[in-house]
$ cat query_2.cif   # mmCIF, C-alpha atoms
data_structure
loop_
_atom_site.label_atom_id
_atom_site.label_comp_id
_atom_site.auth_asym_id
_atom_site.auth_seq_id
_atom_site.Cartn_x
_atom_site.Cartn_y
_atom_site.Cartn_z
CA MET A 1 3.37 19.80 19.69
CA HIS A 2 2.54 20.57 16.07
CA SER A 3 4.66 23.04 14.16
CA PRO A 4 3.23 26.44 13.14
CA GLU A 5 3.45 25.28 9.50
CA PHE A 6 1.30 22.24 10.25
CA LEU A 7 -1.26 24.30 12.14
CA ALA A 8 -1.51 26.76 9.22
CA ALA A 9 -1.42 24.28 6.33
CA SER A 10 -4.24 24.15 3.79
CA ASN A 11 -4.13 20.37 3.83
CA ARG A 12 -2.16 18.07 6.08
CA LEU A 13 -1.30 14.50 6.93
CA THR A 14 -0.76 13.02 10.36
CA ILE A 15 1.22 9.79 10.08
CA ASP A 16 1.11 7.60 13.17
CA LEU A 17 4.35 5.62 13.33
CA THR A 18 3.22 3.84 16.50
CA ALA A 19 0.24 2.46 14.60
CA LEU A 20 2.55 1.45 11.75
CA ALA A 21 4.79 -0.50 14.14
CA ASP A 22 1.81 -2.04 15.93
CA ASN A 23 0.29 -3.16 12.62
CA TRP A 24 3.52 -4.90 11.64
CA ARG A 25 3.62 -6.64 15.02
CA ILE A 26 0.04 -7.83 14.49
CA MET A 27 0.95 -9.27 11.10
CA ASN A 28 4.09 -10.84 12.50
CA GLU A 29 2.08 -12.52 15.26
CA LEU A 30 -0.56 -13.71 12.80
CA SER A 31 2.23 -15.20 10.67
CA GLY A 32 2.74 -17.85 13.34
CA LYS A 33 5.97 -19.77 12.88
CA ALA A 34 6.85 -17.71 9.81
CA ARG A 35 8.56 -14.37 10.15
CA ALA A 36 6.96 -11.30 8.63
CA ALA A 37 8.79 -9.08 6.20
CA ALA A 38 7.64 -5.55 5.41
CA VAL A 39 6.93 -4.10 1.97
CA LEU A 40 8.31 -0.57 1.52
CA LYS A 41 7.83 0.06 -2.18
CA ALA A 42 6.53 3.39 -3.53
CA ASP A 43 8.05 5.49 -0.74
CA ALA A 44 6.55 3.16 1.88
CA TYR A 45 3.10 3.27 0.26
CA GLY A 46 3.30 7.05 0.16
CA ILE A 47 3.91 7.73 3.84
CA GLY A 48 7.68 8.31 3.63
CA LEU A 49 10.45 5.75 3.41
CA ALA A 50 12.83 7.69 5.64
CA GLN A 51 10.35 7.54 8.52
CA ALA A 52 8.70 4.16 7.91
CA ALA A 53 11.82 2.04 7.37
CA PRO A 54 13.58 2.78 10.70
CA THR A 55 10.25 2.44 12.53
CA LEU A 56 9.60 -1.02 11.12
CA TYR A 57 13.18 -2.11 11.73
CA ALA A 58 12.92 -0.98 15.35
CA ALA A 59 9.67 -2.94 15.64
CA GLY A 60 11.52 -6.10 14.62
CA ALA A 61 11.31 -6.40 10.85
CA ARG A 62 14.53 -7.56 9.19
CA ASP A 63 13.36 -8.47 5.67
CA PHE A 64 12.13 -5.74 3.33
CA PHE A 65 10.72 -5.74 -0.20
CA VAL A 66 10.85 -2.80 -2.60
CA ALA A 67 9.96 -2.54 -6.28
CA SER A 68 13.17 -1.36 -7.93
CA VAL A 69 16.91 -1.42 -7.44
CA GLU A 70 16.83 2.37 -7.10
CA GLU A 71 14.41 2.08 -4.19
CA GLY A 72 16.66 -0.59 -2.72
CA ALA A 73 19.74 1.62 -2.88
CA GLU A 74 17.84 4.38 -1.07
CA LEU A 75 16.63 1.92 1.56
CA ARG A 76 20.11 0.51 2.11
CA ARG A 77 21.31 3.93 3.28
CA LEU A 78 18.59 3.86 5.93
CA LEU A 79 18.92 0.21 6.97
CA PRO A 80 22.52 -0.98 6.65
CA GLU A 81 21.87 -4.35 8.31
CA ALA A 82 18.54 -5.34 6.71
CA ARG A 83 17.98 -7.90 3.97
CA ILE A 84 16.46 -6.06 1.03
CA TYR A 85 14.71 -7.83 -1.85
CA ILE A 86 14.11 -6.20 -5.24
CA LEU A 87 10.82 -7.26 -6.81
CA ALA A 88 11.60 -6.07 -10.34
CA GLY A 89 14.74 -8.18 -10.51
CA MET A 90 18.06 -7.63 -12.26
CA TRP A 91 18.60 -6.35 -15.79
CA PRO A 92 21.76 -5.59 -17.81
CA GLY A 93 23.28 -2.35 -16.63
CA ASN A 94 22.06 -2.37 -13.04
CA GLU A 95 23.97 -5.41 -11.75
CA GLU A 96 26.53 -3.30 -9.89
CA LEU A 97 23.80 -1.44 -8.02
CA PHE A 98 22.79 -4.79 -6.55
CA PHE A 99 26.30 -5.78 -5.58
CA ALA A 100 27.33 -2.36 -4.28
CA ASN A 101 24.26 -2.10 -2.05
CA ASP A 102 23.94 -5.76 -1.04
CA LEU A 103 20.48 -6.11 -2.60
CA VAL A 104 18.83 -9.45 -3.34
CA PRO A 105 17.39 -9.74 -6.86
CA ILE A 106 14.14 -11.59 -7.41
CA ILE A 107 14.44 -13.70 -10.56
CA ASN A 108 11.16 -13.29 -12.47
CA SER A 109 11.95 -14.91 -15.83
CA GLU A 110 14.37 -17.05 -17.78
CA GLU A 111 15.85 -13.83 -19.17
CA GLN A 112 16.55 -12.47 -15.71
CA LEU A 113 18.00 -15.80 -14.67
CA ALA A 114 20.48 -15.53 -17.55
CA VAL A 115 21.41 -11.98 -16.55
CA PHE A 116 21.95 -13.05 -12.96
CA MET A 117 24.04 -16.07 -13.91
CA ALA A 118 26.23 -13.95 -16.16
CA ALA A 119 26.73 -11.43 -13.37
CA LEU A 120 27.91 -14.17 -11.03
CA SER A 121 31.17 -14.51 -12.96
CA GLU A 122 32.69 -11.97 -10.57
CA HIS A 123 30.49 -12.83 -7.59
CA SER A 124 30.55 -16.61 -7.33
CA GLU A 125 28.24 -16.66 -4.32
CA TYR A 126 25.39 -14.19 -4.21
CA PRO A 127 21.82 -14.60 -2.93
CA CYS A 128 18.75 -14.47 -5.13
CA VAL A 129 15.05 -15.29 -4.93
CA LEU A 130 13.22 -17.42 -7.47
CA HIS A 131 9.75 -16.09 -8.28
CA VAL A 132 7.31 -18.68 -9.60
CA ASP A 133 3.94 -17.87 -11.16
CA THR A 134 1.21 -20.07 -9.70
CA GLY A 135 -1.78 -18.34 -11.27
CA MET A 136 -1.35 -14.58 -11.10
CA ASN A 137 0.04 -14.51 -14.66
CA ARG A 138 2.04 -11.40 -13.99
CA LEU A 139 5.65 -12.25 -13.09
CA GLY A 140 7.59 -15.42 -12.43
CA LEU A 141 8.80 -18.61 -14.04
CA SER A 142 6.10 -21.16 -14.70
CA VAL A 143 5.79 -24.00 -12.22
CA GLU A 144 7.11 -26.35 -14.88
CA GLU A 145 10.12 -24.12 -15.62
CA ALA A 146 10.92 -23.87 -11.93
CA ILE A 147 10.72 -27.61 -11.34
CA ALA A 148 12.87 -28.27 -14.39
CA LEU A 149 15.43 -25.80 -13.06
CA ALA A 150 15.46 -27.52 -9.67
CA ARG A 151 16.07 -30.91 -11.31
CA ASP A 152 18.56 -29.73 -13.93
CA PRO A 153 21.84 -31.61 -13.30
CA ALA A 154 23.67 -28.88 -15.21
CA ARG A 155 22.44 -26.13 -12.89
CA PRO A 156 25.52 -24.28 -11.62
CA ALA A 157 26.28 -24.79 -7.97
CA SER A 158 26.58 -21.01 -7.66
CA PHE A 159 22.84 -20.69 -8.30
CA SER A 160 21.38 -21.33 -4.88
CA PRO A 161 18.26 -19.26 -4.12
CA VAL A 162 17.72 -18.15 -0.55
CA LEU A 163 13.97 -18.07 -1.11
CA VAL A 164 11.32 -19.31 -3.53
CA MET A 165 8.20 -17.16 -3.72
CA SER A 166 4.90 -16.72 -5.48
CA HIS A 167 2.10 -14.17 -5.24
CA LEU A 168 -1.56 -14.77 -4.45
CA ALA A 169 -4.09 -13.28 -6.85
CA CYS A 170 -7.25 -13.51 -4.73
CA ALA A 171 -6.11 -13.51 -1.10
CA ASP A 172 -8.53 -10.70 -0.26
CA ASP A 173 -11.37 -13.18 -0.91
CA PRO A 174 -10.83 -16.14 1.46
CA LYS A 175 -13.44 -18.28 -0.33
CA HIS A 176 -12.00 -17.85 -3.80
CA PRO A 177 -10.91 -21.21 -5.27
CA MET A 178 -7.81 -19.62 -6.75
CA ASN A 179 -6.24 -19.50 -3.29
CA LEU A 180 -6.23 -23.27 -2.84
CA TYR A 181 -5.18 -23.80 -6.46
CA GLN A 182 -2.18 -21.53 -6.03
CA LEU A 183 -1.27 -23.15 -2.72
CA GLN A 184 -1.25 -26.58 -4.33
CA ARG A 185 0.85 -25.39 -7.25
CA PHE A 186 3.28 -23.65 -4.92
CA ARG A 187 3.70 -26.84 -2.90
CA GLU A 188 4.87 -28.57 -6.07
CA VAL A 189 7.61 -25.95 -6.33
CA THR A 190 8.66 -26.08 -2.69
CA ALA A 191 8.90 -29.87 -2.91
CA ALA A 192 11.29 -29.51 -5.84
CA PHE A 193 13.37 -26.95 -3.91
CA ASP A 194 13.42 -28.97 -0.73
CA GLY A 195 15.13 -27.12 2.10
CA VAL A 196 14.88 -23.67 0.48
CA PRO A 197 12.76 -21.19 2.50
CA ALA A 198 9.47 -20.24 0.86
CA SER A 199 7.13 -17.24 0.77
CA LEU A 200 3.58 -17.07 -0.58
CA ALA A 201 1.42 -14.87 1.65
CA ASN A 202 0.85 -11.17 1.10
CA SER A 203 -1.35 -9.25 3.58
CA GLY A 204 -4.48 -11.16 2.64
CA GLY A 205 -2.56 -14.42 2.57
CA VAL A 206 -1.54 -13.98 6.19
CA PHE A 207 -5.24 -14.08 7.12
CA LEU A 208 -5.76 -17.29 5.13
CA GLY A 209 -4.00 -19.26 7.84
CA GLU A 210 -0.83 -21.20 8.52
CA ASP A 211 -1.02 -23.35 5.38
CA TYR A 212 -0.18 -20.19 3.43
CA HIS A 213 2.54 -18.84 5.71
CA PHE A 214 5.52 -21.07 4.88
CA ASP A 215 8.74 -19.39 6.13
CA LEU A 216 8.30 -15.71 5.29
CA THR A 217 5.17 -13.61 4.85
CA ARG A 218 5.11 -10.33 2.95
CA PRO A 219 2.47 -8.00 4.45
CA GLY A 220 2.07 -4.70 2.66
CA ILE A 221 -1.20 -2.76 2.77
CA ALA A 222 -2.24 -4.13 6.17
CA VAL A 223 0.86 -2.65 7.79
CA TYR A 224 -0.26 0.76 6.55
CA GLY A 225 -3.74 0.32 7.98
CA GLY A 226 -5.56 -0.77 4.83
CA GLU A 227 -8.01 -3.63 4.40
CA ALA A 228 -6.43 -6.97 3.53
CA VAL A 229 -9.68 -8.99 3.40
CA SER A 230 -12.77 -7.76 1.59
CA GLY A 231 -16.03 -7.71 3.54
CA ALA A 232 -14.39 -8.31 6.92
CA VAL A 233 -13.82 -6.01 9.87
CA ASN A 234 -10.40 -4.46 9.45
CA PRO A 235 -8.32 -5.15 12.61
CA MET A 236 -5.50 -2.81 11.61
CA LYS A 237 -4.94 0.62 13.10
CA PRO A 238 -5.25 3.67 10.83
CA VAL A 239 -1.80 5.04 10.06
CA VAL A 240 -2.60 8.08 7.91
CA THR A 241 -5.10 10.82 8.70
CA ALA A 242 -5.69 13.38 5.94
CA GLU A 243 -7.32 16.72 6.67
CA ALA A 244 -8.09 19.84 4.67
CA ARG A 245 -9.09 23.36 5.65
CA ILE A 246 -12.54 24.81 5.02
CA ILE A 247 -12.09 28.03 3.04
CA GLN A 248 -15.70 29.19 2.92
CA VAL A 249 -19.18 28.17 4.07
CA ARG A 250 -22.06 29.31 1.88
CA THR A 251 -25.81 28.78 1.67
CA VAL A 252 -27.40 27.39 -1.48
CA PRO A 253 -31.22 27.63 -1.68
CA SER A 254 -33.41 24.67 -2.46
CA GLY A 255 -33.37 24.05 -6.19
CA GLY A 256 -29.91 25.54 -6.53
CA THR A 257 -26.86 23.80 -7.94
CA ALA A 258 -23.12 23.80 -7.35
CA SER A 259 -19.86 22.66 -8.89
CA TYR A 260 -18.91 22.06 -12.51
CA GLY A 261 -21.73 20.86 -14.69
CA ALA A 262 -24.21 21.94 -12.00
CA SER A 263 -23.54 18.41 -10.76
CA ALA A 264 -24.88 19.01 -7.25
CA LEU A 265 -28.63 19.74 -7.12
CA PHE A 266 -30.06 20.64 -3.73
CA THR A 267 -33.60 19.74 -2.69
CA ARG A 268 -33.43 21.81 0.50
CA ASP A 269 -31.73 24.97 1.65
CA SER A 270 -28.19 23.76 2.21
CA ARG A 271 -24.93 24.92 3.74
CA ILE A 272 -21.90 23.93 1.72
CA ALA A 273 -18.29 23.95 2.92
CA THR A 274 -15.70 24.63 0.25
CA VAL A 275 -12.55 22.71 1.21
CA ALA A 276 -8.95 23.13 0.05
CA ILE A 277 -8.51 19.64 -1.42
CA GLY A 278 -8.73 18.27 -4.94
CA TYR A 279 -7.42 15.75 -7.39
CA ALA A 280 -4.10 17.61 -7.60
CA ASP A 281 -3.63 16.44 -4.01
CA GLY A 282 -4.53 12.82 -4.75
CA TYR A 283 -8.15 13.19 -3.63
CA HIS A 284 -9.50 11.48 -6.69
CA ARG A 285 -12.15 12.99 -8.93
CA SER A 286 -13.91 9.63 -8.88
CA VAL A 287 -14.89 10.08 -5.19
CA SER A 288 -17.14 12.97 -6.22
CA GLY A 289 -20.68 13.13 -4.97
CA GLY A 290 -22.00 13.71 -8.49
CA GLY A 291 -21.19 14.61 -12.05
CA VAL A 292 -18.86 11.72 -12.92
CA THR A 293 -19.65 8.51 -14.75
CA LEU A 294 -18.99 6.35 -11.70
CA ARG A 295 -21.93 7.88 -9.86
CA GLN A 296 -24.29 6.18 -12.31
CA SER A 297 -23.46 2.87 -10.61
CA THR A 298 -22.49 4.12 -7.14
CA PRO A 299 -25.21 6.32 -5.65
CA SER A 300 -23.08 8.54 -3.43
CA GLY A 301 -19.57 9.82 -3.16
CA ALA A 302 -17.14 9.95 -0.28
CA PHE A 303 -17.75 11.31 3.20
CA GLY A 304 -15.63 13.53 5.37
CA PHE A 305 -15.75 13.88 9.14
CA LEU A 306 -16.34 17.16 10.90
CA HIS A 307 -17.31 18.02 14.48
CA GLY A 308 -18.26 14.46 15.35
CA ARG A 309 -20.31 13.70 12.24
CA LYS A 310 -19.84 12.32 8.75
CA VAL A 311 -20.63 14.83 6.03
CA PRO A 312 -21.11 13.90 2.36
CA HIS A 313 -19.05 15.15 -0.54
CA VAL A 314 -21.25 16.82 -3.18
CA GLY A 315 -20.64 17.75 -6.79
CA ARG A 316 -17.35 17.12 -8.54
CA VAL A 317 -13.95 17.03 -6.96
CA THR A 318 -12.02 19.75 -8.79
CA MET A 319 -8.31 20.39 -9.08
CA ASP A 320 -7.87 22.22 -5.77
CA LEU A 321 -11.32 22.33 -4.16
CA SER A 322 -14.09 20.03 -2.98
CA LEU A 323 -17.55 20.63 -1.57
CA PHE A 324 -19.09 19.00 1.51
CA ASP A 325 -22.69 19.33 2.66
CA VAL A 326 -22.66 20.47 6.30
CA THR A 327 -26.36 21.29 6.53
CA ASP A 328 -27.01 18.73 9.26
CA LEU A 329 -24.45 20.27 11.60
CA PRO A 330 -25.50 23.20 13.82
CA GLU A 331 -25.17 26.44 11.89
CA ASN A 332 -22.83 28.12 14.35
CA VAL A 333 -20.46 25.14 14.58
CA VAL A 334 -18.86 25.02 11.13
CA ARG A 335 -16.56 27.92 10.40
CA PRO A 336 -14.01 28.82 7.73
CA GLY A 337 -10.63 27.68 8.95
CA ASP A 338 -11.93 24.42 10.42
CA TYR A 339 -10.33 21.19 9.24
CA ILE A 340 -12.37 18.35 7.81
CA GLU A 341 -11.02 14.79 8.01
CA LEU A 342 -10.93 13.19 4.57
CA PHE A 343 -9.88 9.77 5.83
CA GLY A 344 -8.08 8.36 8.83
CA ARG A 345 -9.27 7.95 12.40
CA ASN A 346 -13.00 8.44 11.73
CA VAL A 347 -13.39 7.73 8.00
CA ALA A 348 -11.72 4.54 6.78
CA ILE A 349 -9.45 5.10 3.80
CA ASP A 350 -10.94 2.03 2.14
CA ASP A 351 -14.46 3.47 2.43
CA VAL A 352 -13.29 6.57 0.56
CA ALA A 353 -11.53 4.37 -1.97
CA ARG A 354 -14.67 2.30 -2.54
CA ALA A 355 -16.65 5.46 -3.19
CA GLY A 356 -14.16 6.17 -5.96
CA GLY A 357 -14.16 2.67 -7.40
CA THR A 358 -10.58 2.04 -6.32
CA ILE A 359 -8.58 0.67 -3.38
CA GLY A 360 -6.80 2.15 -0.40
CA TYR A 361 -3.40 1.45 -1.98
CA GLU A 362 -4.13 3.96 -4.74
CA LEU A 363 -5.19 6.73 -2.38
CA LEU A 364 -2.10 6.24 -0.21
CA THR A 365 0.32 6.23 -3.11
CA SER A 366 -1.41 9.25 -4.69
CA LEU A 367 -0.90 11.59 -1.76
CA GLY A 368 0.13 14.90 -3.27
CA ARG A 369 3.12 17.04 -2.39
CA ARG A 370 0.96 19.87 -1.10
CA TYR A 371 0.09 18.05 2.11
CA HIS A 372 2.06 19.23 5.10
CA ARG A 373 3.15 16.13 6.99
CA THR A 374 3.69 15.48 10.65
CA TYR A 375 4.87 12.21 12.15
CA VAL A 376 3.82 11.10 15.62
CA GLY A 377 4.89 8.16 17.76
CA GLY A 378 7.32 5.43 16.82
CA ALA A 379 8.20 1.80 17.36
#

$ encode --input "query_2.cif" --output "structure tokens"
Amino acid sequence: MHSPEFLAASNRLTIDLTALADNWRIMNELSGKARAAAVLKADAYGIGLAQAAPTLYAAGARDFFVASVEEGAELRRLLPEARIYILAGMWPGNEELFFANDLVPIINSEEQLAVFMAALSEHSEYPCVLHVDTGMNRLGLSVEEAIALARDPARPASFSPVLVMSHLACADDPKHPMNLYQLQRFREVTAAFDGVPASLANSGGVFLGEDYHFDLTRPGIAVYGGEAVSGAVNPMKPVVTAEARIIQVRTVPSGGTASYGASALFTRDSRIATVAIGYADGYHRSVSGGGVTLRQSTPSGAFGFLHGRKVPHVGRVTMDLSLFDVTDLPENVVRPGDYIELFGRNVAIDDVARAGGTIGYELLTSLGRRYHRTYVGGA
């Protein structure tokens, strides 16, 4: 049963924790002999760390990745037995947060390696992960630096990584030559760190097959229902459904305009639903049906879903309001107070993202505070 607040909310999110758990299980199964971790950075991709973390742990996940040590400390309170990796690594001043919360730093550079080694003076044995750049050119030691470190006879015995990892740049495009190049470079590193577990595959990498799986995969967006592979049918279940209330339905005659800049021009008598959603809620201005630069290259904006039919967004998304053309629905069906689905069960979040020239990650992590949330299901 939904709460009265949810039923009365101007805009609302339904977050399906059963789908979240099922998606992780799918990725874990696709990982073959490797085990699947779960990525929980950015408040679990915007859906809520406090709800997502226990759900994924109950589903079977034991390894978790977050962006910062602060996120890790918050996650540790929720999952006292999990292994938690910190993608941003360790810097002077936050060492004790790692030790106090049993967090595993990911070493991304020679500088971070020095910080970690200095911190070991009081913690002679402490796990870490060595991140190696194989072509992303974002974070990580170079392949040559990593191999030199592995072969360095002066390397302290206390430095013993529990994992070596890299990150794929083009895993969403299975045919991209960068994938094979990075795999080959990563194999050079794993050969140098013989016996150390390895991790290369993100969500898209899981779909590239067992050569990319190694010992631990790191699915992120796929667990939350987003597309991991461009141009392919998405097998993941939608986790988040966003809805907003229709405030008013009005008729605009043929030749009339609507929205800022008169950006919607109607060539027929049209019925327009004004909906309580805007860019202040994370419904990006770039998904507009007109009046923004992006529309010069992308002919139409996003669609919503209402009474069994997709309805197009028209004009500009504004701060708190958006317009949808409901002319093709029966006149007596659409009423003020109805909810229109923005994305979720009937409109894929990635389709909305594409209309705005972005990706599903950005929409998820932009979800505004004005949504009333309800969580359904579980592991």

$ closest_residue --input "query_2.cif" --among "A:Gly360, A:Leu17, A:Leu78, A:Leu141" --to "A:Ala222" --atoms "all atoms listed in the file"
A:Gly360

$ residues_around --input "query_2.cif" --residues "stretch 19-31 of chain A" --least-positions-apart "6" --cutoff "9 Å" --atoms "all atoms listed in the file" --output "compact mmCIF listing (two decimals) with C-alpha atoms, in the coordinates of the input"
# COMPACT_ATOMS: atom_id res chain seq x y z
CA ALA A 37 8.79 -9.08 6.20
CA ALA A 38 7.64 -5.55 5.41
CA ALA A 52 8.70 4.16 7.91
CA THR A 55 10.25 2.44 12.53
CA LEU A 56 9.60 -1.02 11.12
CA TYR A 57 13.18 -2.11 11.73
CA ALA A 58 12.92 -0.98 15.35
CA ALA A 59 9.67 -2.94 15.64
CA GLY A 60 11.52 -6.10 14.62
CA ALA A 61 11.31 -6.40 10.85
CA SER A 203 -1.35 -9.25 3.58
CA VAL A 206 -1.54 -13.98 6.19
CA PHE A 207 -5.24 -14.08 7.12
CA GLY A 209 -4.00 -19.26 7.84
CA GLU A 210 -0.83 -21.20 8.52
CA HIS A 213 2.54 -18.84 5.71
CA PHE A 214 5.52 -21.07 4.88
CA ASP A 215 8.74 -19.39 6.13
CA LEU A 216 8.30 -15.71 5.29
CA THR A 217 5.17 -13.61 4.85
CA PRO A 219 2.47 -8.00 4.45
CA ALA A 222 -2.24 -4.13 6.17
CA VAL A 223 0.86 -2.65 7.79
CA TYR A 224 -0.26 0.76 6.55
CA GLY A 225 -3.74 0.32 7.98
CA PRO A 235 -8.32 -5.15 12.61
CA MET A 236 -5.50 -2.81 11.61
CA LYS A 237 -4.94 0.62 13.10
CA PRO A 238 -5.25 3.67 10.83
CA VAL A 239 -1.80 5.04 10.06
CA GLY A 377 4.89 8.16 17.76
CA GLY A 378 7.32 5.43 16.82
CA ALA A 379 8.20 1.80 17.36

$ atom_distance --input "query_2.cif" --atom1 "atom CA of A:Asp325" --atom2 "atom CA of A:Gly278"
15.9 Å

$ closest_residue --input "query_2.cif" --among "A:Gly344, A:Pro174, A:Gly282, A:Gly357" --to "A:Gly226" --atoms "all atoms listed in the file"
A:Gly344

$ residues_around --input "query_2.cif" --residues "A:Tyr371" --least-positions-apart "5" --cutoff "10 Å" --atoms "all atoms listed in the file" --output "list of chain:residue names"
A:Phe6, A:Ala9, A:Ser10, A:Asn11, A:Arg12, A:Leu13, A:Thr14, A:Ala242, A:Glu243, A:Ala244, A:Ile277, A:Asp281, A:Gly282

$ closest_residue --input "query_2.cif" --among "A:Val333, A:Asn234, A:Tyr212, A:Arg316" --to "A:Ile349" --atoms "all atoms listed in the file"
A:Asn234

$ residues_around --input "query_2.cif" --residues "A:Asp269" --least-positions-apart "4" --cutoff "8 Å" --atoms "only C-alpha atoms" --output "count of residues only"
4

$ resolve_selection --input "query_2.cif" --expression "the PyMOL selection byres ((chain A and resi 308) around 12)" --output "list in words"
Gly304, Phe305, Leu306, His307, Arg309, Lys310, Val311, Val326, Asp328, Leu329, Pro330, Val333, Val334, Ile340, Glu341, Arg345, Asn346 and Val347 of chain A

$ residues_near_point --input "query_2.cif" --point "(17.2, -6.4, 4.3)" --cutoff "12 Å" --atoms "only C-alpha atoms" --output "PyMOL selection string"
chain A and resi 37-40+53-54+56-57+60-66+72-73+75-86+101-105+127

$ write_last_selection --input "query_2.cif" --atoms "C-alpha atoms" --output "PDB file, in the frame of the given file"
ATOM      1  CA  ALA A  37       8.790  -9.080   6.200  1.00  0.00           C
ATOM      2  CA  ALA A  38       7.640  -5.550   5.410  1.00  0.00           C
ATOM      3  CA  VAL A  39       6.930  -4.100   1.970  1.00  0.00           C
ATOM      4  CA  LEU A  40       8.310  -0.570   1.520  1.00  0.00           C
ATOM      5  CA  ALA A  53      11.820   2.040   7.370  1.00  0.00           C
ATOM      6  CA  PRO A  54      13.580   2.780  10.700  1.00  0.00           C
ATOM      7  CA  LEU A  56       9.600  -1.020  11.120  1.00  0.00           C
ATOM      8  CA  TYR A  57      13.180  -2.110  11.730  1.00  0.00           C
ATOM      9  CA  GLY A  60      11.520  -6.100  14.620  1.00  0.00           C
ATOM     10  CA  ALA A  61      11.310  -6.400  10.850  1.00  0.00           C
ATOM     11  CA  ARG A  62      14.530  -7.560   9.190  1.00  0.00           C
ATOM     12  CA  ASP A  63      13.360  -8.470   5.670  1.00  0.00           C
ATOM     13  CA  PHE A  64      12.130  -5.740   3.330  1.00  0.00           C
ATOM     14  CA  PHE A  65      10.720  -5.740  -0.200  1.00  0.00           C
ATOM     15  CA  VAL A  66      10.850  -2.800  -2.600  1.00  0.00           C
ATOM     16  CA  GLY A  72      16.660  -0.590  -2.720  1.00  0.00           C
ATOM     17  CA  ALA A  73      19.740   1.620  -2.880  1.00  0.00           C
ATOM     18  CA  LEU A  75      16.630   1.920   1.560  1.00  0.00           C
ATOM     19  CA  ARG A  76      20.110   0.510   2.110  1.00  0.00           C
ATOM     20  CA  ARG A  77      21.310   3.930   3.280  1.00  0.00           C
ATOM     21  CA  LEU A  78      18.590   3.860   5.930  1.00  0.00           C
ATOM     22  CA  LEU A  79      18.920   0.210   6.970  1.00  0.00           C
ATOM     23  CA  PRO A  80      22.520  -0.980   6.650  1.00  0.00           C
ATOM     24  CA  GLU A  81      21.870  -4.350   8.310  1.00  0.00           C
ATOM     25  CA  ALA A  82      18.540  -5.340   6.710  1.00  0.00           C
ATOM     26  CA  ARG A  83      17.980  -7.900   3.970  1.00  0.00           C
ATOM     27  CA  ILE A  84      16.460  -6.060   1.030  1.00  0.00           C
ATOM     28  CA  TYR A  85      14.710  -7.830  -1.850  1.00  0.00           C
ATOM     29  CA  ILE A  86      14.110  -6.200  -5.240  1.00  0.00           C
ATOM     30  CA  ASN A 101      24.260  -2.100  -2.050  1.00  0.00           C
ATOM     31  CA  ASP A 102      23.940  -5.760  -1.040  1.00  0.00           C
ATOM     32  CA  LEU A 103      20.480  -6.110  -2.600  1.00  0.00           C
ATOM     33  CA  VAL A 104      18.830  -9.450  -3.340  1.00  0.00           C
ATOM     34  CA  PRO A 105      17.390  -9.740  -6.860  1.00  0.00           C
ATOM     35  CA  PRO A 127      21.820 -14.600  -2.930  1.00  0.00           C
TER      36      PRO A 127
END

$ atom_distance --input "query_2.cif" --atom1 "atom CA of A:Gly48" --atom2 "atom CA of A:Ala88"
20.4 Å

$ resolve_selection --input "query_2.cif" --expression "the PyMOL selection byres ((chain A and resi 337) around 6)" --output "list in words"
Arg245, Ile246, Pro336 and Asp338 of chain A

$ atom_distance --input "query_2.cif" --atom1 "atom CA of A:Val275" --atom2 "atom CA of A:Thr257"
17.0 Å

$ resolve_selection --input "query_2.cif" --expression "the PyMOL selection byres ((chain A and resi 317) around 10)" --output "ChimeraX atom specification"
/A:259-260,277-280,283-292,301,313-316,318-323

$ closest_residue --input "query_2.cif" --among "A:His2, A:His167, A:Arg369, A:Arg138" --to "A:Leu183" --atoms "only C-alpha atoms"
A:His167

$ residues_around --input "query_2.cif" --residues "A:Tyr181" --least-positions-apart "4" --cutoff "9 Å" --atoms "only C-alpha atoms" --output "ChimeraX atom specification"
/A:134-135,177,185-186

$ closest_residue --input "query_2.cif" --among "A:His131, A:Leu149, A:Pro92, A:Asp172" --to "A:Leu200" --atoms "all atoms listed in the file"
A:His131

$ axis_aligned_box --input "query_2.cif" --around "stretch 319-323 of chain A" --padding-each-side "3 Å" --output "AutoDock Vina command-line options"
--center_x -12.7 --center_y 21.2 --center_z -5.3 --size_x 15.7 --size_y 8.3 --size_z 13.5

$ build_atoms --input "query_2.cif" --residues "stretch 150-154 of chain A" --atoms "N, CA, C and O atoms" --output "tab-separated table (two decimals), keeping the file's coordinate frame"
chain	number	residue	atom	x	y	z
A	150	ALA	N	15.05	-26.83	-10.91
A	150	ALA	CA	15.46	-27.52	-9.67
A	150	ALA	C	16.09	-28.87	-9.96
A	150	ALA	O	17.01	-29.30	-9.26
A	151	ARG	N	15.61	-29.55	-11.00
A	151	ARG	CA	16.07	-30.91	-11.31
A	151	ARG	C	17.18	-30.94	-12.35
A	151	ARG	O	17.70	-32.03	-12.66
A	152	ASP	N	17.56	-29.78	-12.85
A	152	ASP	CA	18.56	-29.73	-13.93
A	152	ASP	C	19.94	-30.11	-13.38
A	152	ASP	O	20.50	-29.36	-12.55
A	153	PRO	N	20.53	-31.22	-13.81
A	153	PRO	CA	21.84	-31.61	-13.30
A	153	PRO	C	22.94	-30.64	-13.71
A	153	PRO	O	24.00	-30.61	-13.09
A	154	ALA	N	22.66	-29.86	-14.75
A	154	ALA	CA	23.67	-28.88	-15.21
A	154	ALA	C	23.54	-27.53	-14.51
A	154	ALA	O	24.29	-26.61	-14.82
